[in-house]
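So this one's protein-v9.cif, mmCIF, C-alpha atoms:
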```cif
data_final
loop_
_atom_site.group_PDB
_atom_site.id
_atom_site.type_symbol
_atom_site.label_atom_id
_atom_site.label_comp_id
_atom_site.auth_asym_id
_atom_site.auth_seq_id
_atom_site.Cartn_x
_atom_site.Cartn_y
_atom_site.Cartn_z
ATOM 1 C CA MET A 1 0.000 0.000 0.000
ATOM 2 C CA LYS A 2 1.195 3.523 -0.779
ATOM 3 C CA VAL A 3 1.514 5.903 2.140
ATOM 4 C CA SER A 4 1.810 9.660 1.959
ATOM 5 C CA ILE A 5 2.625 11.557 5.144
ATOM 6 C CA GLN A 6 2.515 15.301 5.689
ATOM 7 C CA VAL A 7 4.578 16.736 8.524
ATOM 8 C CA ARG A 8 3.938 20.362 9.396
ATOM 9 C CA LEU A 9 4.867 22.801 12.139
ATOM 10 C CA LYS A 10 2.199 23.032 14.831
ATOM 11 C CA ASN A 11 -0.207 25.926 14.654
ATOM 12 C CA GLY A 12 1.144 28.905 16.498
ATOM 13 C CA ILE A 13 4.793 28.042 15.881
ATOM 14 C CA LEU A 14 6.396 30.699 13.754
ATOM 15 C CA ASP A 15 7.601 29.450 10.357
ATOM 16 C CA PRO A 16 10.305 31.868 9.152
ATOM 17 C CA GLN A 17 10.730 29.879 5.933
ATOM 18 C CA GLY A 18 7.027 30.220 5.110
ATOM 19 C CA LYS A 19 7.135 33.910 5.962
ATOM 20 C CA THR A 20 10.118 34.511 3.658
ATOM 21 C CA VAL A 21 8.459 32.637 0.780
ATOM 22 C CA ASN A 22 5.260 34.599 1.469
ATOM 23 C CA ASN A 23 7.229 37.857 1.077
ATOM 24 C CA ALA A 24 8.906 36.626 -2.108
ATOM 25 C CA LEU A 25 5.506 35.763 -3.593
ATOM 26 C CA HIS A 26 4.269 39.264 -2.794
ATOM 27 C CA HIS A 27 7.324 40.779 -4.486
ATOM 28 C CA LEU A 28 6.417 38.764 -7.600
ATOM 29 C CA GLY A 29 2.945 40.233 -7.551
ATOM 30 C CA PHE A 30 1.017 37.342 -5.984
ATOM 31 C CA LYS A 31 -0.637 39.776 -3.596
ATOM 32 C CA ASN A 32 -3.645 37.559 -2.887
ATOM 33 C CA ILE A 33 -1.531 34.692 -1.471
ATOM 34 C CA GLN A 34 -1.099 34.726 2.282
ATOM 35 C CA ASN A 35 -0.266 32.592 5.349
ATOM 36 C CA VAL A 36 2.356 30.452 3.600
ATOM 37 C CA ARG A 37 3.496 27.512 5.742
ATOM 38 C CA ILE A 38 6.090 24.988 4.629
ATOM 39 C CA GLY A 39 6.141 21.348 5.696
ATOM 40 C CA LYS A 40 7.446 17.990 4.527
ATOM 41 C CA LEU A 41 5.996 15.246 2.370
ATOM 42 C CA ILE A 42 7.189 11.704 3.092
ATOM 43 C CA GLU A 43 6.115 8.793 0.885
ATOM 44 C CA PHE A 44 6.697 5.071 1.193
ATOM 45 C CA ASP A 45 5.206 1.655 0.498
ATOM 46 C CA ILE A 46 4.023 -0.506 3.352
ATOM 47 C CA ARG A 47 3.681 -4.301 3.196
ATOM 48 C CA GLU A 48 0.401 -4.493 5.091
ATOM 49 C CA ALA A 49 -2.926 -5.007 3.341
ATOM 50 C CA ASP A 50 -5.081 -4.215 6.373
ATOM 51 C CA LYS A 51 -5.654 -0.463 6.604
ATOM 52 C CA LYS A 52 -6.202 -0.467 10.357
ATOM 53 C CA LYS A 53 -2.991 -2.376 11.023
ATOM 54 C CA ALA A 54 -1.114 -0.148 8.593
ATOM 55 C CA SER A 55 -2.387 2.961 10.393
ATOM 56 C CA VAL A 56 -1.065 1.707 13.724
ATOM 57 C CA ILE A 57 2.382 1.142 12.218
ATOM 58 C CA ILE A 58 2.414 4.517 10.447
ATOM 59 C CA GLU A 59 1.398 6.442 13.546
ATOM 60 C CA ASP A 60 4.060 4.666 15.565
ATOM 61 C CA ALA A 61 6.708 5.566 12.957
ATOM 62 C CA CYS A 62 5.525 9.180 12.859
ATOM 63 C CA LYS A 63 5.692 9.560 16.622
ATOM 64 C CA LYS A 64 9.058 7.830 16.991
ATOM 65 C CA LEU A 65 10.966 9.278 14.055
ATOM 66 C CA LEU A 66 9.190 11.003 11.194
ATOM 67 C CA SER A 67 7.905 13.949 13.226
ATOM 68 C CA ASN A 68 9.080 15.704 16.375
ATOM 69 C CA PRO A 69 5.962 15.965 18.575
ATOM 70 C CA VAL A 70 7.407 19.009 20.375
ATOM 71 C CA ILE A 71 7.104 21.185 17.263
ATOM 72 C CA GLU A 72 5.313 19.201 14.541
ATOM 73 C CA ASP A 73 1.976 17.573 13.699
ATOM 74 C CA PHE A 74 1.468 14.888 11.078
ATOM 75 C CA SER A 75 -1.327 13.553 8.897
ATOM 76 C CA TYR A 76 -1.332 10.758 6.318
ATOM 77 C CA VAL A 77 -3.199 9.244 3.430
ATOM 78 C CA LEU A 78 -3.310 5.534 2.595
ATOM 79 C CA GLY A 79 -3.596 4.759 -1.096
ATOM 80 C CA GLU A 80 -4.025 1.726 -3.337
ATOM 81 C CA ASP A 81 -0.988 0.255 -5.091
ATOM 82 C CA MET B 1 37.714 11.246 35.491
ATOM 83 C CA LYS B 2 37.606 9.578 32.107
ATOM 84 C CA PHE B 3 35.669 11.192 29.256
ATOM 85 C CA GLY B 4 34.488 9.882 25.927
ATOM 86 C CA VAL B 5 33.791 11.937 22.799
ATOM 87 C CA VAL B 6 31.187 10.307 20.560
ATOM 88 C CA VAL B 7 31.881 10.201 16.829
ATOM 89 C CA PHE B 8 28.924 9.976 14.446
ATOM 90 C CA PRO B 9 29.213 9.993 10.674
ATOM 91 C CA GLY B 10 29.161 13.752 10.097
ATOM 92 C CA SER B 11 30.537 14.906 13.453
ATOM 93 C CA ASN B 12 33.065 17.682 12.886
ATOM 94 C CA CYS B 13 33.874 19.120 16.317
ATOM 95 C CA ASP B 14 34.922 15.782 17.798
ATOM 96 C CA HIS B 15 38.657 16.473 17.392
ATOM 97 C CA ASP B 16 38.334 19.988 18.839
ATOM 98 C CA MET B 17 36.596 18.563 21.905
ATOM 99 C CA TYR B 18 39.155 15.761 22.213
ATOM 100 C CA HIS B 19 41.953 18.337 22.030
ATOM 101 C CA ALA B 20 40.273 20.568 24.615
ATOM 102 C CA LEU B 21 39.744 17.758 27.126
ATOM 103 C CA LYS B 22 43.271 16.469 26.539
ATOM 104 C CA ILE B 23 45.022 19.755 27.305
ATOM 105 C CA LEU B 24 42.808 20.719 30.228
ATOM 106 C CA ALA B 25 44.224 18.890 33.225
ATOM 107 C CA GLY B 26 45.639 16.127 31.020
ATOM 108 C CA ASN B 27 42.327 14.401 31.271
ATOM 109 C CA GLU B 28 41.849 10.856 30.167
ATOM 110 C CA VAL B 29 39.857 11.069 26.970
ATOM 111 C CA GLN B 30 38.918 8.636 24.236
ATOM 112 C CA PHE B 31 36.818 8.650 21.071
ATOM 113 C CA ILE B 32 33.683 6.477 21.074
ATOM 114 C CA TRP B 33 32.371 5.248 17.717
ATOM 115 C CA HIS B 34 28.595 5.532 17.252
ATOM 116 C CA GLN B 35 28.321 1.763 16.690
ATOM 117 C CA ASP B 36 29.853 1.001 20.087
ATOM 118 C CA THR B 37 27.506 -0.301 22.739
ATOM 119 C CA SER B 38 29.470 0.045 25.964
ATOM 120 C CA LEU B 39 30.451 3.006 28.131
ATOM 121 C CA ALA B 40 32.170 0.888 30.773
ATOM 122 C CA GLY B 41 34.953 2.820 32.491
ATOM 123 C CA PHE B 42 33.726 6.280 31.441
ATOM 124 C CA ASP B 43 32.643 8.962 33.921
ATOM 125 C CA GLY B 44 31.323 11.367 31.318
ATOM 126 C CA VAL B 45 30.392 11.530 27.647
ATOM 127 C CA VAL B 46 30.404 14.466 25.242
ATOM 128 C CA LEU B 47 28.230 14.620 22.121
ATOM 129 C CA PRO B 48 30.138 16.985 19.836
ATOM 130 C CA GLY B 49 28.997 19.417 17.183
ATOM 131 C CA GLY B 50 28.664 18.647 13.500
ATOM 132 C CA PHE B 51 26.043 17.306 11.152
ATOM 133 C CA SER B 52 25.424 13.741 12.258
ATOM 134 C CA TYR B 53 23.869 11.752 9.419
ATOM 135 C CA GLY B 54 23.847 14.916 7.313
ATOM 136 C CA ASP B 55 21.059 16.415 9.461
ATOM 137 C CA TYR B 56 18.665 14.273 7.396
ATOM 138 C CA LEU B 57 14.992 14.512 8.402
ATOM 139 C CA ARG B 58 15.792 16.828 11.358
ATOM 140 C CA ALA B 59 19.090 17.683 13.018
ATOM 141 C CA GLY B 60 19.898 14.906 15.486
ATOM 142 C CA ALA B 61 16.870 12.780 14.532
ATOM 143 C CA ILE B 62 18.802 9.816 13.138
ATOM 144 C CA ALA B 63 21.735 9.915 15.571
ATOM 145 C CA ARG B 64 19.195 9.472 18.328
ATOM 146 C CA PHE B 65 18.713 5.841 17.199
ATOM 147 C CA SER B 66 22.389 4.907 16.881
ATOM 148 C CA PRO B 67 23.588 2.019 19.105
ATOM 149 C CA ILE B 68 25.683 4.247 21.397
ATOM 150 C CA LEU B 69 22.734 6.546 22.119
ATOM 151 C CA GLN B 70 20.778 3.704 23.733
ATOM 152 C CA GLU B 71 23.722 3.217 26.083
ATOM 153 C CA ILE B 72 24.056 6.984 26.659
ATOM 154 C CA ILE B 73 20.391 7.121 27.712
ATOM 155 C CA ARG B 74 21.080 4.390 30.318
ATOM 156 C CA PHE B 75 24.318 6.173 31.322
ATOM 157 C CA ALA B 76 22.432 9.440 31.846
ATOM 158 C CA LYS B 77 19.724 7.710 33.903
ATOM 159 C CA LYS B 78 22.494 6.443 36.204
ATOM 160 C CA GLY B 79 23.433 10.076 36.877
ATOM 161 C CA LYS B 80 26.648 10.123 34.839
ATOM 162 C CA ILE B 81 27.728 13.319 33.096
ATOM 163 C CA VAL B 82 26.514 13.960 29.531
ATOM 164 C CA LEU B 83 27.351 17.177 27.664
ATOM 165 C CA GLY B 84 25.909 17.957 24.230
ATOM 166 C CA ILE B 85 27.322 20.816 22.175
ATOM 167 C CA CYS B 86 25.484 22.194 19.122
ATOM 168 C CA ASN B 87 24.523 19.064 17.145
ATOM 169 C CA GLY B 88 24.993 17.185 20.428
ATOM 170 C CA PHE B 89 22.328 19.441 21.991
ATOM 171 C CA GLN B 90 20.018 18.648 19.061
ATOM 172 C CA VAL B 91 20.586 14.916 19.619
ATOM 173 C CA LEU B 92 19.784 15.307 23.341
ATOM 174 C CA THR B 93 16.461 17.066 22.678
ATOM 175 C CA GLU B 94 15.529 14.556 19.951
ATOM 176 C CA SER B 95 16.237 11.681 22.331
ATOM 177 C CA GLY B 96 14.114 13.207 25.073
ATOM 178 C CA LEU B 97 17.019 13.573 27.522
ATOM 179 C CA LEU B 98 16.446 17.340 27.412
ATOM 180 C CA PRO B 99 13.157 19.235 26.945
ATOM 181 C CA GLY B 100 12.328 21.444 23.971
ATOM 182 C CA ALA B 101 13.504 21.397 20.362
ATOM 183 C CA LEU B 102 15.969 23.241 18.125
ATOM 184 C CA MET B 103 14.597 24.835 14.995
ATOM 185 C CA ARG B 104 15.861 26.751 11.974
ATOM 186 C CA ASN B 105 17.419 30.100 12.951
ATOM 187 C CA GLN B 106 14.984 32.985 12.854
ATOM 188 C CA ASN B 107 16.878 34.685 9.987
ATOM 189 C CA LEU B 108 17.210 31.346 8.099
ATOM 190 C CA ARG B 109 20.981 31.785 7.913
ATOM 191 C CA PHE B 110 23.863 29.745 9.220
ATOM 192 C CA ILE B 111 25.440 31.943 11.896
ATOM 193 C CA CYS B 112 29.126 31.613 12.774
ATOM 194 C CA LYS B 113 30.429 34.233 15.209
ATOM 195 C CA HIS B 114 31.402 34.946 18.790
ATOM 196 C CA VAL B 115 28.451 35.738 21.055
ATOM 197 C CA TYR B 116 28.011 36.571 24.717
ATOM 198 C CA ILE B 117 26.192 34.253 27.084
ATOM 199 C CA ARG B 118 25.195 34.848 30.691
ATOM 200 C CA THR B 119 25.484 32.184 33.373
ATOM 201 C CA GLU B 120 21.969 31.760 34.778
ATOM 202 C CA ASN B 121 22.737 28.849 37.078
ATOM 203 C CA ASN B 122 26.205 28.248 38.511
ATOM 204 C CA GLN B 123 25.026 25.498 40.858
ATOM 205 C CA THR B 124 25.573 22.701 38.350
ATOM 206 C CA VAL B 125 28.412 20.258 37.844
ATOM 207 C CA PHE B 126 29.168 22.037 34.536
ATOM 208 C CA THR B 127 29.171 25.603 35.861
ATOM 209 C CA LYS B 128 30.420 25.379 39.443
ATOM 210 C CA GLY B 129 33.619 27.226 38.470
ATOM 211 C CA LEU B 130 31.628 30.201 37.160
ATOM 212 C CA LYS B 131 30.203 33.129 39.077
ATOM 213 C CA SER B 132 26.451 33.676 39.023
ATOM 214 C CA GLY B 133 25.700 36.001 36.113
ATOM 215 C CA GLN B 134 29.217 35.605 34.677
ATOM 216 C CA ILE B 135 29.366 36.584 31.019
ATOM 217 C CA LEU B 136 31.259 34.357 28.605
ATOM 218 C CA ARG B 137 32.349 35.144 25.068
ATOM 219 C CA ILE B 138 32.032 31.923 23.089
ATOM 220 C CA PRO B 139 31.486 31.168 19.391
ATOM 221 C CA ILE B 140 28.328 29.731 17.868
ATOM 222 C CA ALA B 141 28.190 27.999 14.473
ATOM 223 C CA HIS B 142 24.789 26.657 13.536
ATOM 224 C CA GLY B 143 21.843 26.891 11.170
ATOM 225 C CA GLU B 144 19.319 25.256 13.505
ATOM 226 C CA GLY B 145 19.829 26.668 16.957
ATOM 227 C CA LYS B 146 16.592 28.446 17.736
ATOM 228 C CA TYR B 147 15.495 26.896 21.011
ATOM 229 C CA TYR B 148 11.764 26.282 21.228
ATOM 230 C CA ILE B 149 9.661 25.187 24.181
ATOM 231 C CA ASP B 150 5.999 25.885 24.913
ATOM 232 C CA ASP B 151 5.086 28.411 27.610
ATOM 233 C CA HIS B 152 3.941 25.811 30.109
ATOM 234 C CA ASN B 153 7.234 23.911 29.954
ATOM 235 C CA LEU B 154 9.249 27.149 29.868
ATOM 236 C CA LYS B 155 7.761 27.979 33.246
ATOM 237 C CA LYS B 156 8.773 24.571 34.552
ATOM 238 C CA LEU B 157 12.318 25.056 33.205
ATOM 239 C CA ASP B 158 12.515 28.343 35.060
ATOM 240 C CA GLU B 159 11.127 26.888 38.288
ATOM 241 C CA HIS B 160 13.677 24.086 38.324
ATOM 242 C CA ARG B 161 16.531 26.434 37.343
ATOM 243 C CA GLN B 162 17.163 24.399 34.211
ATOM 244 C CA ILE B 163 18.107 27.407 32.071
ATOM 245 C CA VAL B 164 21.898 27.489 32.418
ATOM 246 C CA PHE B 165 22.896 30.035 29.744
ATOM 247 C CA ARG B 166 21.149 32.874 27.905
ATOM 248 C CA TYR B 167 22.415 34.969 24.993
ATOM 249 C CA CYS B 168 23.117 38.530 26.155
ATOM 250 C CA SER B 169 24.835 41.817 25.322
ATOM 251 C CA PRO B 170 28.536 42.278 26.241
ATOM 252 C CA ASP B 171 27.375 43.769 29.557
ATOM 253 C CA GLY B 172 24.840 41.044 30.275
ATOM 254 C CA GLN B 173 21.539 42.582 29.112
ATOM 255 C CA LEU B 174 18.919 40.346 27.519
ATOM 256 C CA ARG B 175 17.850 42.053 24.315
ATOM 257 C CA ASP B 176 16.509 40.781 21.005
ATOM 258 C CA GLU B 177 19.472 42.091 19.040
ATOM 259 C CA TYR B 178 21.787 39.920 21.137
ATOM 260 C CA ASN B 179 19.665 36.801 20.675
ATOM 261 C CA PRO B 180 21.365 35.593 17.484
ATOM 262 C CA ASN B 181 18.952 32.874 16.401
ATOM 263 C CA GLY B 182 15.588 33.858 17.878
ATOM 264 C CA SER B 183 15.669 31.363 20.747
ATOM 265 C CA LYS B 184 12.763 31.425 23.176
ATOM 266 C CA ALA B 185 13.668 33.548 26.217
ATOM 267 C CA SER B 186 17.203 33.915 24.750
ATOM 268 C CA ILE B 187 17.994 30.370 25.887
ATOM 269 C CA ALA B 188 21.462 29.127 24.864
ATOM 270 C CA GLY B 189 21.767 26.096 27.142
ATOM 271 C CA VAL B 190 19.544 23.900 29.338
ATOM 272 C CA ILE B 191 20.141 21.150 31.865
ATOM 273 C CA ASN B 192 17.905 18.236 32.860
ATOM 274 C CA LYS B 193 16.088 18.281 36.189
ATOM 275 C CA GLU B 194 18.562 15.829 37.714
ATOM 276 C CA GLY B 195 21.460 18.128 36.780
ATOM 277 C CA ASN B 196 23.726 15.687 34.941
ATOM 278 C CA VAL B 197 22.810 16.338 31.279
ATOM 279 C CA LEU B 198 23.621 19.739 29.739
ATOM 280 C CA GLY B 199 22.970 20.847 26.174
ATOM 281 C CA MET B 200 24.128 24.144 24.675
ATOM 282 C CA MET B 201 24.515 25.643 21.204
ATOM 283 C CA PRO B 202 27.725 27.679 21.828
ATOM 284 C CA HIS B 203 31.031 25.843 21.463
ATOM 285 C CA PRO B 204 33.194 25.971 24.629
ATOM 286 C CA GLU B 205 35.765 23.682 22.986
ATOM 287 C CA ARG B 206 36.432 26.444 20.428
ATOM 288 C CA ALA B 207 37.205 28.921 23.201
ATOM 289 C CA ILE B 208 40.023 27.439 25.224
ATOM 290 C CA GLU B 209 43.038 29.361 23.868
ATOM 291 C CA LEU B 210 43.413 33.147 23.869
ATOM 292 C CA LEU B 211 45.323 32.871 20.624
ATOM 293 C CA LEU B 212 42.048 31.797 19.002
ATOM 294 C CA GLY B 213 40.041 34.703 20.391
ATOM 295 C CA SER B 214 38.721 33.546 23.747
ATOM 296 C CA ALA B 215 39.520 31.157 26.567
ATOM 297 C CA ASP B 216 36.130 31.468 28.298
ATOM 298 C CA GLY B 217 35.150 27.915 27.368
ATOM 299 C CA ARG B 218 37.728 26.683 29.855
ATOM 300 C CA TYR B 219 35.573 27.677 32.822
ATOM 301 C CA LEU B 220 32.892 25.278 31.715
ATOM 302 C CA LEU B 221 35.049 22.348 30.668
ATOM 303 C CA GLU B 222 37.259 22.671 33.748
ATOM 304 C CA SER B 223 34.173 22.663 35.979
ATOM 305 C CA MET B 224 32.953 19.501 34.293
ATOM 306 C CA ILE B 225 36.315 17.776 34.588
ATOM 307 C CA GLY B 226 36.124 18.508 38.318
#
```

Translate this file's structure into C-alpha cells.
Amino acid sequence: MKVSIQVRLKNGILDPQGKTVNNALHHLGFKNIQNVRIGKLIEFDIREADKKKASVIIEDACKKLLSNPVIEDFSYVLGED
Amino acid sequence: MKFGVVVFPGSNCDHDMYHALKILAGNEVQFIWHQDTSLAGFDGVVLPGGFSYGDYLRAGAIARFSPILQEIIRFAKKGKIVLGICNGFQVLTESGLLPGALMRNQNLRFICKHVYIRTENNQTVFTKGLKSGQILRIPIAHGEGKYYIDDHNLKKLDEHRQIVFRYCSPDGQLRDEYNPNGSKASIAGVINKEGNVLGMMPHPERAIELLLGSADGRYLLESMIG
C-alpha cells in the first residue's frame, strides 16, 4: 500500500521559511496569497494489506521518528498500489 | 575522570573537543564510535557538534537511534555526566534527555560568530567554576539553533533552574538584538532536572586558547572535569 505523510509545524509556531516565501511571492505580484506555511511530504510503500494495522504502524513511525511531537503535527493518506 | 567523545558519521567538532579535554588537566579522553555499545569505564560523555547523518529529516533525529545513544540514555539515567554541544544538543532534545527542540534560525541563515552568554545557574556540575551572572564570550556555528519550548514547559524550566545560559549583550543585558537565532527567552543552554545532562549551542571547545580569540570555554570544561 502507498503511504503519503505530511509533517507540518504546529499551529502557532512561527515558520520563518514560510514567511520569507510569502514575502517573495508578494514581491512577484502574488498579492492575494497569504499565510504560507512549509512542511514535509514523506512517501513510502508498506507491506500491510489491512488499513487499520497499517495505520497503527504509520502512527508509531511518525511519533518515533518522522515527526518531532514538540514542534510538529502529522497527517497521512493511505492509497491503493 | 575519564571522558568519551562520541563520533557519528558527520561529526566535525569531535577532534576539537578531544583536544580541549586532553590539554585541560591532562584528562583521560577517548573517542567512542557511534556503533559502540558500551560506556564501561567512562565517567562522562560528550556529544560533539557537527552534522550527524547529514542532518537528514531533522538535526539529530537519526543519531538518536544509533547504538551508542541507547547506552548513553542508560548512562544518563544512572546520573553520569553527559554534555551535548550544538549538534549534540540537538541529539539530546531529539532523544528526550532534554526538553524542547531546536529549529531553523529565525533569519534562516547559518550563523558563525562569537556571542556573549550569561550564566543563569552556577550550581551545576558544569558551571560550578563560574560566578552567578558571569558573562562568557564563546562562538556559535549553527543553522538550527533556535530553542523552542511551549510556555507551560518554559515555566517549569525556570522553576527548576534548568536554564543554564542565555544569549546577552557584552554587559549582560537580555535584548533581542543579542539573541542571534531567535531562541525562546534567549535560551542558549539547558540542563535536565537531575542536573547531569547539559545541552548548549555555543562551542566551549572552540574557546580554550586566547590565541584563538577567547579562553572562556575553559571555565565550563574545567568545571565539568572537576

Expand the PyMOL selection byres ((chain B) within 9 of (chain A)) into the explicit residue set it covers here, and present it as a ChimeraX atom specification. /B:57-58,61-62,94,99-101,103-108,148-150

Interatomic distance (Å, one decimal) between CA of Gln70 in chain B and CA of Ser38 in chain B: 9.7 Å

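Note that the spacing between CA of Arg74 in chain B and CA of Glu194 in chain B amounts to 13.9 Å.
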
Once the PyMOL selection byres ((chain B and resi 30) around 9) is applied to the coordinates I shared, what remains selected? I want it as an MDAnalysis selection string. chainID B and resid 2:6 18 28:29 31:32

Between B:Ile68, B:Leu130, B:Ala59, B:Ile23, single out the one closest to Ala40 in chain B, counting only C-alpha atoms. B:Ile68
